[in-house]
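Read through the structure below, which is laid out as structure tokens, and then see the notes.
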Protein chains: 2
Amino acid sequence: MSRPTLDFYLEFASTYSYPAAMRIGALAAAAGVAVRWRPFLLGPIFKAQGWDNSPFNIYPAKGNYMWRDLDRICGRLELPFRRPDPFPQSSLLAARLAHVGLDEGWGEDFCRAVYAAEFADGRSISEEDVLADLVYDLGVAAESALARARSAEIKERLCATTAEAQARGVFGAPTFICADGELFWGHDRMAEALAWAVRPAGQPVIASA
Amino acid sequence: MSRPTLDFYLEFASTYSYPAAMRIGALAAAAGVAVRWRPFLLGPIFKAQGWDNSPFNIYPAKGNYMWRDLDRICGRLELPFRRPDPFPQSSLLAARLAHVGLDEGWGEDFCRAVYAAEFADGRSISEEDVLADLVYDLGVAAESALARARSAEIKERLCATTAEAQARGVFGAPTFICADGELFWGHDRMAEALAWAVRPAGQPVIASA
């Protein structure tokens, strides 16, 4: 029998996507769940809500809290954490490269490398040179990956993934959607999403709080 | 030695304040924490952010998710749940009555009764008659409680609590603030807030995820 799947919608500018991306591989393996990584862009979804910036910048009290909360979470999980500056970073090229990588077998490692560069190493993931370094470090030819990232095929794939996310009810990141359509928002809900994905049909899920 | 304290900022129109209010008494007792219930109004704080309605109404995708998420949480915690209609309900008189009750020793029971009426029983907590019933059921003279709720003293107390919340960085409900100023937002963070409140000074807290 094939493993249950969980769609993982991630955005490279999203802060809480960082711990989610770093942890989901191990947790999903332990739970017996196959994860489909779905890099998308929050910008168009936020724009539809009337925002032209991160809500964490628009609402400073919420933003201040988020940075402190993320620092606490990373401390507890023993993940290195450095606040990106500037924030948010442009995630467009990173997201396109991630789709190239997911097509070619190096996508998940690339996603983790982008988050580590941004949130642990203080590098600017908006810059092509930085992204090229990350691709190169995975043993992949950076020039051809970048060329493909700029192809119409990949641009359309990222647009389609973003439209798909919006159509399925995604309004933030990270978001997890089970095969039955059940949606979970936030790093806080990752364990619950994995538990839901493997629950027997028709059974209520009892997850840890 | 006196128990450590935790300030609990609650808003009667706030959905995630419902499970927090129903559970914090037992969890705080188990943790050895004294909770200061601080009923406040989110309206003025939301207004300062440019919102004149619940963000769950302003952003429908987020609102749809919240109702589903709250239903799952209540199911897991075996709390009855019915979606209030209309939403949000006016919480002004309930919050004033809560301040009367907290002054007179029946406040915490009243807060729980308001949340149960709103989220379990489908009653309208905007209505004076409903609130009078809840006060009466606690064995308290409803007429004098309502008269005091409308006094300048109590109106000012609620205003001051709201201003205090805003000054301390509260931007949503429920919010928990430890004696050292550490702030935790959301029902999701209640256990972490209680763990923080009792941790030895200078020690990092390791809470369950």
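So you can find residues: chains in the structure tokens are A, B, ... in the order shown, residues in each start at 1, and ligands are numbered from 1 in order.
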Set the distance at 8 Å and use only C-alpha atoms: which residues neighbour Val33 of chain B once local chain neighbours fewer than 4 positions away are removed? I'd like the list as a ChimeraX atom specification. /B:3-6,28-29,194,197-198
Once you have the residues from the selection above, write them out as a PDB file, in the first residue's frame, restricted to C-alpha atoms.
ATOM      1  CA  ARG B   3       3.471  31.508  43.585  1.00  0.00           C
ATOM      2  CA  PRO B   4       4.632  33.011  40.308  1.00  0.00           C
ATOM      3  CA  THR B   5       1.923  34.951  38.508  1.00  0.00           C
ATOM      4  CA  LEU B   6       0.757  34.973  34.914  1.00  0.00           C
ATOM      5  CA  ALA B  28      -2.231  26.797  36.267  1.00  0.00           C
ATOM      6  CA  ALA B  29      -3.140  24.987  39.481  1.00  0.00           C
ATOM      7  CA  LEU B 194       2.885  28.499  32.257  1.00  0.00           C
ATOM      8  CA  ALA B 197       6.269  31.509  34.517  1.00  0.00           C
ATOM      9  CA  VAL B 198       7.733  28.834  36.806  1.00  0.00           C
TER      10      VAL B 198
END
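Secondary structure from DSSP on the backbone puts strand (DSSP E) at the following positions of segment 103-187 of chain A: Thr175, Phe176, Ile177, Cys178, Leu183, Phe184 and Trp185 of chain A.
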Preceding selection exported with N, CA and C atoms as a PDB file, in the first residue's frame:
ATOM      1  N   THR A 175       1.703  25.898   5.161  1.00  0.00           N
ATOM      2  CA  THR A 175       0.396  25.257   5.207  1.00  0.00           C
ATOM      3  C   THR A 175       0.541  23.806   4.763  1.00  0.00           C
ATOM      4  N   PHE A 176      -0.217  22.948   5.404  1.00  0.00           N
ATOM      5  CA  PHE A 176      -0.196  21.511   5.126  1.00  0.00           C
ATOM      6  C   PHE A 176      -1.609  21.095   4.725  1.00  0.00           C
ATOM      7  N   ILE A 177      -1.740  20.367   3.612  1.00  0.00           N
ATOM      8  CA  ILE A 177      -3.065  19.899   3.195  1.00  0.00           C
ATOM      9  C   ILE A 177      -3.018  18.391   2.971  1.00  0.00           C
ATOM     10  N   CYS A 178      -3.911  17.685   3.656  1.00  0.00           N
ATOM     11  CA  CYS A 178      -3.993  16.226   3.553  1.00  0.00           C
ATOM     12  C   CYS A 178      -4.747  15.839   2.273  1.00  0.00           C
ATOM     13  N   LEU A 183      -6.950  21.082   5.967  1.00  0.00           N
ATOM     14  CA  LEU A 183      -5.878  22.084   5.910  1.00  0.00           C
ATOM     15  C   LEU A 183      -5.404  22.439   7.320  1.00  0.00           C
ATOM     16  N   PHE A 184      -4.099  22.532   7.449  1.00  0.00           N
ATOM     17  CA  PHE A 184      -3.485  22.933   8.716  1.00  0.00           C
ATOM     18  C   PHE A 184      -2.512  24.060   8.433  1.00  0.00           C
ATOM     19  N   TRP A 185      -2.620  25.141   9.203  1.00  0.00           N
ATOM     20  CA  TRP A 185      -1.775  26.320   8.976  1.00  0.00           C
ATOM     21  C   TRP A 185      -0.785  26.486  10.120  1.00  0.00           C
TER      22      TRP A 185
END
Measuring between only C-alpha atoms, which one of B:Pro44, B:Pro88, B:Pro60, B:Pro174 shows the shortest distance to chain A?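 So, comparing all the options, the nearest one is B:Pro60.
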Show me, as a ChimeraX atom specification, the residues that have an atom within 12 Å of Cys74 of chain B when counting only C-alpha atoms, minus same-chain residues fewer than 4 positions from it. /A:204-207,209 /B:15-20,22-23,66-70,78-83,119-120,187
C-alpha atoms of the current selection, written as a CSV table (one decimal), in the first residue's frame:
chain,number,residue,atom,x,y,z
A,204,PRO,CA,-11.4,11.5,14.7
A,205,VAL,CA,-7.7,12.3,15.3
A,206,ILE,CA,-6.4,12.7,18.8
A,207,ALA,CA,-3.1,14.6,18.6
A,209,ALA,CA,-1.8,19.5,22.2
B,15,THR,CA,-12.6,32.6,19.6
B,16,TYR,CA,-9.3,31.0,20.8
B,17,SER,CA,-9.9,32.7,24.2
B,18,TYR,CA,-12.7,30.1,24.7
B,19,PRO,CA,-10.5,27.0,25.2
B,20,ALA,CA,-7.9,29.0,27.0
B,22,MET,CA,-11.9,26.9,30.1
B,23,ARG,CA,-8.6,25.2,30.7
B,66,MET,CA,-10.1,29.4,12.1
B,67,TRP,CA,-13.6,27.9,12.5
B,68,ARG,CA,-12.4,24.5,11.4
B,69,ASP,CA,-9.3,24.7,13.5
B,70,LEU,CA,-11.3,25.7,16.6
B,78,GLU,CA,-13.7,17.4,24.5
B,79,LEU,CA,-15.1,20.9,24.8
B,80,PRO,CA,-18.5,21.5,23.3
B,81,PHE,CA,-18.4,23.9,20.4
B,82,ARG,CA,-21.0,25.8,18.4
B,83,ARG,CA,-20.1,28.7,16.1
B,119,PHE,CA,-19.4,28.9,22.3
B,120,ALA,CA,-21.2,25.9,23.7
B,187,HIS,CA,-4.2,29.2,23.1
Set out as a tab-separated table a contact list for chain B and chain A with a cut-off of 7 Å, giving each residue of chain B that qualifies its closest atom pair and distance in Å to one decimal, counting only C-alpha atoms, ordered by chain and rising residue number.
residue	atom	partner	partner_atom	distance
B:Gln49	CA	A:Tyr59	CA	6.9
B:Tyr59	CA	A:Gln49	CA	6.8
B:Ala61	CA	A:Gly169	CA	5.8
B:Lys62	CA	A:Phe171	CA	6.3
B:Arg76	CA	A:Ile206	CA	5.8
B:Gly169	CA	A:Ala61	CA	5.8
B:Phe171	CA	A:Ala61	CA	6.2
B:Ile206	CA	A:Arg76	CA	5.8
Test item: residues at most 8 Å from Leu10 of chain A, only C-alpha atoms, excluding those fewer than 4 positions along its chain, as a list in words: Ser14, Ser17, Ala21, Trp37, Arg38, Pro39, Phe40, Ala173, Pro174 and Thr175 of chain A
Assign secondary structure with DSSP using the backbone only, and return the residues of chain B in alpha helix (DSSP H) as a PyMOL selection string. chain B and resi 17-31+43-48+55-58+60-77+92-104+107-119+128-137+142-149+152-167+190-198
Could you check how far atom CA of Met190 of chain A sits from atom CA of Ser126 of chain A, in Å to one decimal?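 So the two atoms, atom CA of Met190 of chain A and atom CA of Ser126 of chain A, lie 26.8 Å apart.
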For Phe12 of chain B, work out the shell of residues within 8 Å, counting only C-alpha atoms and skipping chain neighbours fewer than 6 positions away, then give it as a ChimeraX atom specification. /B:18,39,91,94-95,114-115
